[in-house]
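K.L.:
Just passing along the structure, written as structure tokens.
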Amino acid sequence: MPRLLLLNAEWEGEIKITPKLKAHLKKTKTKSIDLFASTQFAEIGNFLKELKKLKIKVNIQKAKRTNKPLQILGCDCNPDSFEKDLKSDMILYLGDGMFHPKALILAVDRPITIFDPISDNIKVVDRKDMQKELMIKKRNLKKFLNADKIGILVTIKPGQQYFLAAKKLKVDLEKEGKKAYIFIDDTLNPMNYENYPFVQCWVNTACPRIGTDDIVNFSQAMINLRDALDPRRAFVELEK
Amino acid sequence: MYKLELEKLITTIKQQKAKQVLIQLPDGMKHKAHLVADAVEEETNAKAFIWLGSCYGACDLPLGMDILNIDLVVQWGHNKFNKEMW
């Protein structure tokens, strides 16, 4: 096996409270913040000092799958992905792109403020920005409950491989009178799903964002392993 | 715009005496792959190779590299994570 070196690729600039962000915090009367960032934007010493000067309380916690506080991963996308509830006035994400903010949207039904330190852009997003994904997720859950033939997808990528869980799920589903088939691949490619038209619903055991974001890109129903294990909880969380 | 951390990379390759290094960059950094490969081959005795495909996270590592005798995989933009157990 080759050895592995992971490099953070930190942003070269300094993260600071720009006049635009300061005005936004003032306008929204923010007194407390739940703060998250991607690993590129984790050097926030001066940013925290500036927030302290503005008398804004900052709450930083370690999400379930991350290795250090502040950071958020795309797979920290469930209500139980955080040790503490996100109760501050504002949930603030430092970084660019929508991948990580979408994890927060999926985890908590509250507005997420994105501050991009590179462009100095501020954007507020919420579940309306994922309406299509959430609608299809709900539809797919119903299809899963009604399906007789289930395809369980397993990747061989070690960080996302849940072969044992897939085998257990197959046993559980077959106890309920359904038929379940386990499909194995390295990269899960939606084009391959269409070759198995007998599958009425897929269960994705790899990256949970495949079963949330990517479901808008193909017609066949798919849900994530977590939701297959407890569909009732999945419905409740969608209503939260 | 994002730090390539070439110094750390070169030091690690030399320390580990790696001979074949695979460079795995996220989409936003792929356009700099040649800079990394050039640095590896100019400053160390290792050969550099570039992963063509995805780099979604530390959970998305290239497989089968042992078949090619790659002895060091370097991924940018991510760090260690805790795999959830089901």
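Each chain in the structure tokens gets a letter, A, B and so on, in the order shown; residues start at 1 in every chain, and ligands are counted from 1 in the order they appear.
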Which residues are near Met130 (chain A)? Cut-off 10 Å, only C-alpha atoms, ignore same chain within fewer than 2 positions. Put them as an NGL selection string.
P.N.:
:A and (102 or 105-106 or 125-128 or 132-135 or 212-213)
K.L.:
Atoms to include: C-alpha atoms. Write the selected residues as an mmCIF file, in the first residue's frame.
P.N.:
```
data_model
loop_
_atom_site.group_PDB
_atom_site.id
_atom_site.type_symbol
_atom_site.label_atom_id
_atom_site.label_comp_id
_atom_site.auth_asym_id
_atom_site.auth_seq_id
_atom_site.Cartn_x
_atom_site.Cartn_y
_atom_site.Cartn_z
ATOM 1 C CA LYS A 102 -25.390 22.490 1.612
ATOM 2 C CA ILE A 105 -28.672 23.178 5.080
ATOM 3 C CA LEU A 106 -29.366 19.439 5.108
ATOM 4 C CA VAL A 125 -29.024 30.271 1.831
ATOM 5 C CA ASP A 126 -31.615 27.928 3.295
ATOM 6 C CA ARG A 127 -33.717 24.875 2.433
ATOM 7 C CA LYS A 128 -35.433 26.776 -0.369
ATOM 8 C CA LYS A 132 -35.656 20.139 -5.578
ATOM 9 C CA GLU A 133 -33.234 17.803 -3.780
ATOM 10 C CA LEU A 134 -35.436 17.605 -0.689
ATOM 11 C CA MET A 135 -38.587 16.996 -2.727
ATOM 12 C CA THR A 212 -28.969 13.962 -1.534
ATOM 13 C CA ASP A 213 -27.394 16.202 -4.186
#
```
K.L.:
As a tab-separated table (two decimals) with C-alpha atoms, in the first residue's frame, please: the residues near Cys77 (chain A) (cut-off 12 Å, only C-alpha atoms, same-chain neighbours under 5 positions excluded).
P.N.:
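And here is the file that came out, out-v3.tsv:
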```tsv
chain	number	residue	atom	x	y	z
A	63	ALA	CA	-18.59	18.03	13.62
A	64	LYS	CA	-18.94	14.26	13.84
A	65	ARG	CA	-16.72	13.22	10.93
A	66	THR	CA	-14.11	15.98	11.05
A	72	ILE	CA	-17.06	20.93	8.29
A	82	PHE	CA	-23.03	17.97	15.60
A	99	PHE	CA	-20.82	21.97	-1.18
A	100	HIS	CA	-20.20	22.55	2.54
A	101	PRO	CA	-23.03	25.07	3.10
A	102	LYS	CA	-25.39	22.49	1.61
A	103	ALA	CA	-24.27	20.02	4.29
A	104	LEU	CA	-25.37	22.59	6.89
A	105	ILE	CA	-28.67	23.18	5.08
A	106	LEU	CA	-29.37	19.44	5.11
A	107	ALA	CA	-28.45	19.18	8.78
A	108	VAL	CA	-30.45	22.10	10.12
A	109	ASP	CA	-33.51	23.94	8.86
A	207	CYS	CA	-20.80	9.28	0.25
A	208	PRO	CA	-24.15	10.49	1.63
A	209	ARG	CA	-24.14	13.45	-0.72
A	210	ILE	CA	-24.74	11.03	-3.62
A	211	GLY	CA	-28.15	10.29	-2.09
A	212	THR	CA	-28.97	13.96	-1.53
A	213	ASP	CA	-27.39	16.20	-4.19
A	224	ASN	CA	-28.80	6.79	1.54
A	226	ARG	CA	-28.74	6.05	6.97
A	237	GLU	CA	-35.92	15.04	9.63
```
K.L.:
I want to know what sits within 8 Å of region 92-97 of chain A, based on only C-alpha atoms, with residues of the same chain fewer than 2 positions away left out; could you give that as a ChimeraX atom specification?
P.N.:
/A:33-38,40-41,90,99-101,112-118
K.L.:
Restricting the output to C-alpha atoms, write the selected residues as a short mmCIF file (atom, residue, chain, number, x, y, z; two decimals), in the first residue's frame.
P.N.:
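Written output follows (again00.cif):
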```
data_model
loop_
_atom_site.label_atom_id
_atom_site.label_comp_id
_atom_site.auth_asym_id
_atom_site.auth_seq_id
_atom_site.Cartn_x
_atom_site.Cartn_y
_atom_site.Cartn_z
CA ILE A 33 -22.33 32.89 15.72
CA ASP A 34 -21.97 29.15 15.10
CA LEU A 35 -18.84 29.21 12.99
CA PHE A 36 -17.72 26.64 10.40
CA ALA A 37 -15.10 26.62 7.66
CA SER A 38 -13.53 24.33 5.12
CA GLN A 40 -8.62 25.95 3.38
CA PHE A 41 -10.01 28.71 5.59
CA MET A 90 -26.21 33.18 12.88
CA PHE A 99 -20.82 21.97 -1.18
CA HIS A 100 -20.20 22.55 2.54
CA PRO A 101 -23.03 25.07 3.10
CA ILE A 112 -26.83 29.63 6.57
CA THR A 113 -24.71 32.72 5.97
CA ILE A 114 -21.78 32.17 3.63
CA PHE A 115 -18.86 34.57 3.74
CA ASP A 116 -16.37 34.02 0.94
CA PRO A 117 -13.10 35.59 2.13
CA ILE A 118 -11.70 35.59 -1.42
#
```
K.L.:
Give me, as JSON, numbers by chain, the contact residues of chain A against chain B at a cut-off of 9 Å, counting only C-alpha atoms.
P.N.:
{"A": [1, 2, 3, 4, 5, 6, 7, 8, 9, 10, 11, 12, 13, 38, 39, 40, 64, 65, 66, 67, 68, 73, 74, 118, 156, 157, 158, 159, 160, 162, 164, 165, 186, 207, 225, 226]}
K.L.:
Suppose we keep N, CA and C atoms; can you now write the selection as a CSV table (one decimal), in the first residue's frame?
P.N.:
```
chain,number,residue,atom,x,y,z
A,1,MET,N,0.8,-1.2,0.0
A,1,MET,CA,0.0,0.0,0.0
A,1,MET,C,0.9,1.3,0.0
A,2,PRO,N,0.6,2.2,-0.9
A,2,PRO,CA,1.3,3.5,-0.8
A,2,PRO,C,1.0,4.3,0.5
A,3,ARG,N,2.0,5.0,0.9
A,3,ARG,CA,1.8,5.9,2.0
A,3,ARG,C,1.0,7.1,1.5
A,4,LEU,N,0.4,7.9,2.5
A,4,LEU,CA,-0.4,9.0,2.1
A,4,LEU,C,0.0,10.3,2.8
A,5,LEU,N,0.0,11.4,2.0
A,5,LEU,CA,0.3,12.7,2.6
A,5,LEU,C,-0.9,13.6,2.2
A,6,LEU,N,-1.5,14.2,3.3
A,6,LEU,CA,-2.7,15.1,3.0
A,6,LEU,C,-2.2,16.5,3.3
A,7,LEU,N,-2.4,17.4,2.3
A,7,LEU,CA,-2.0,18.8,2.5
A,7,LEU,C,-3.3,19.7,2.4
A,8,ASN,N,-3.4,20.6,3.4
A,8,ASN,CA,-4.6,21.4,3.6
A,8,ASN,C,-4.9,22.3,2.4
A,9,ALA,N,-3.9,22.8,1.7
A,9,ALA,CA,-4.1,23.8,0.6
A,9,ALA,C,-4.8,25.0,1.2
A,10,GLU,N,-4.2,25.6,2.2
A,10,GLU,CA,-4.8,26.7,2.8
A,10,GLU,C,-4.8,27.9,1.9
A,11,TRP,N,-5.8,28.8,2.0
A,11,TRP,CA,-5.9,30.0,1.2
A,11,TRP,C,-4.7,30.9,1.6
A,12,GLU,N,-4.1,31.5,0.6
A,12,GLU,CA,-2.9,32.3,0.9
A,12,GLU,C,-3.2,33.7,1.6
A,13,GLY,N,-4.5,34.1,1.5
A,13,GLY,CA,-4.8,35.4,2.0
A,13,GLY,C,-5.1,35.4,3.5
A,38,SER,N,-14.2,25.5,5.7
A,38,SER,CA,-13.5,24.3,5.1
A,38,SER,C,-12.1,24.4,5.5
A,39,THR,N,-11.3,23.4,5.3
A,39,THR,CA,-10.0,23.3,5.8
A,39,THR,C,-9.0,24.4,5.2
A,40,GLN,N,-9.4,24.9,4.0
A,40,GLN,CA,-8.6,26.0,3.4
A,40,GLN,C,-8.7,27.3,4.1
A,64,LYS,N,-19.2,15.7,13.6
A,64,LYS,CA,-18.9,14.3,13.8
A,64,LYS,C,-17.8,13.6,13.0
A,65,ARG,N,-17.7,13.9,11.8
A,65,ARG,CA,-16.7,13.2,10.9
A,65,ARG,C,-15.4,14.0,10.7
A,66,THR,N,-15.4,15.2,11.2
A,66,THR,CA,-14.1,16.0,11.0
A,66,THR,C,-13.1,15.6,12.1
A,67,ASN,N,-11.9,16.0,11.9
A,67,ASN,CA,-10.8,15.7,12.8
A,67,ASN,C,-10.5,16.8,13.7
A,68,LYS,N,-11.0,18.0,13.5
A,68,LYS,CA,-10.7,19.2,14.3
A,68,LYS,C,-11.9,20.1,14.4
A,73,LEU,N,-17.3,18.9,7.0
A,73,LEU,CA,-17.1,18.1,5.8
A,73,LEU,C,-18.5,18.0,5.1
A,74,GLY,N,-18.4,17.6,3.8
A,74,GLY,CA,-19.7,17.5,3.1
A,74,GLY,C,-20.6,16.4,3.7
A,118,ILE,N,-12.4,35.2,-0.2
A,118,ILE,CA,-11.7,35.6,-1.4
A,118,ILE,C,-12.4,36.7,-2.2
A,156,ILE,N,-15.7,0.4,-3.4
A,156,ILE,CA,-14.5,-0.2,-2.8
A,156,ILE,C,-13.5,0.8,-2.2
A,157,LYS,N,-13.9,2.1,-2.4
A,157,LYS,CA,-13.0,3.2,-1.8
A,157,LYS,C,-13.0,3.0,-0.3
A,158,PRO,N,-11.9,2.8,0.3
A,158,PRO,CA,-11.9,2.5,1.8
A,158,PRO,C,-12.6,3.5,2.6
A,159,GLY,N,-12.5,4.8,2.3
A,159,GLY,CA,-13.1,5.8,3.2
A,159,GLY,C,-14.6,5.8,3.1
A,160,GLN,N,-15.2,5.2,2.1
A,160,GLN,CA,-16.6,5.2,1.9
A,160,GLN,C,-17.2,3.8,1.8
A,162,TYR,N,-18.8,0.5,2.9
A,162,TYR,CA,-19.7,-0.1,4.0
A,162,TYR,C,-20.2,-1.4,3.5
A,164,LEU,N,-20.0,-4.4,5.0
A,164,LEU,CA,-20.7,-5.1,6.1
A,164,LEU,C,-22.1,-4.6,6.3
A,165,ALA,N,-22.2,-3.2,6.4
A,165,ALA,CA,-23.5,-2.6,6.6
A,165,ALA,C,-24.5,-3.0,5.4
A,186,ASP,N,-16.1,0.9,-8.0
A,186,ASP,CA,-15.2,1.8,-7.3
A,186,ASP,C,-15.8,3.2,-7.3
A,207,CYS,N,-20.7,7.9,-0.2
A,207,CYS,CA,-20.8,9.3,0.3
A,207,CYS,C,-22.3,9.7,0.3
A,225,LEU,N,-27.9,5.0,2.9
A,225,LEU,CA,-27.9,3.9,3.9
A,225,LEU,C,-28.6,4.4,5.2
A,226,ARG,N,-28.2,5.6,5.7
A,226,ARG,CA,-28.7,6.0,7.0
A,226,ARG,C,-30.3,6.1,6.9
```
K.L.:
Which one is closest to Phe47 (chain A): A:Ile122, A:Ile17, A:Cys75, A:Leu229? Count only C-alpha atoms.
P.N.:
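Selected residue with least distance to Phe47 (chain A): A:Ile17.
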K.L.:
Determine the nearest neighbour of Lys22 (chain A) from the options A:Pro79, A:Ile91, A:Lys138, A:Asp120, counting only C-alpha atoms.
P.N.:
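Looking at the shortest contact to Lys22 (chain A), the residue is A:Asp120.
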K.L.:
Quick one: residues within 10 Å of Leu153 (chain A), only C-alpha atoms counted, chain neighbours fewer than 6 positions away excluded, as a list in words?
P.N.:
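Counting only the stated atoms, we get Gln161, Tyr162, Phe163, Ala166, Tyr181, Ile182, Phe183, Ile184, Asp185, Leu188, Tyr193, Trp202, Val203, Asn204, Thr205, Ala206, Met222, Asn224 and Leu225 of chain A.
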K.L.:
Could you pull out the strand (DSSP E) residues of chain B from DSSP and send them as a count of residues only?
P.N.:
14
K.L.:
Mind pulling up the distance from CA of Leu51 (chain A) to CA of Pro111 (chain A)?
P.N.:
19.9 Å
K.L.:
Nearest to Phe49 (chain B) among B:Leu35, B:Glu7, B:Lys14, B:Asp27, with distances taken over only C-alpha atoms: which residue is it?
P.N.:
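So, comparing all the options, the nearest one is B:Leu35.
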K.L.:
Just checking: using only C-alpha atoms, which residue out of A:Glu176, A:Asp214, A:Val236, A:Glu83 ends up closest to Pro190 (chain A)?
P.N.:
A:Asp214
K.L.:
Grab the CA of Ile215 (chain A) to CA of Lys175 (chain A) distance for me, in Å with one decimal place.
P.N.:
27.2 Å
K.L.:
With only C-alpha atoms as the basis for distance, which of A:Ile60, A:Leu86, A:Met191, A:Val124 is at the shortest distance from His24 (chain A)?
P.N.:
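Of the candidates, the smallest distance to His24 (chain A) is held by A:Val124.
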K.L.:
In Å, how far is it from CA of Ser219 (chain A) to CA of Gly151 (chain A)?
P.N.:
14.7 Å
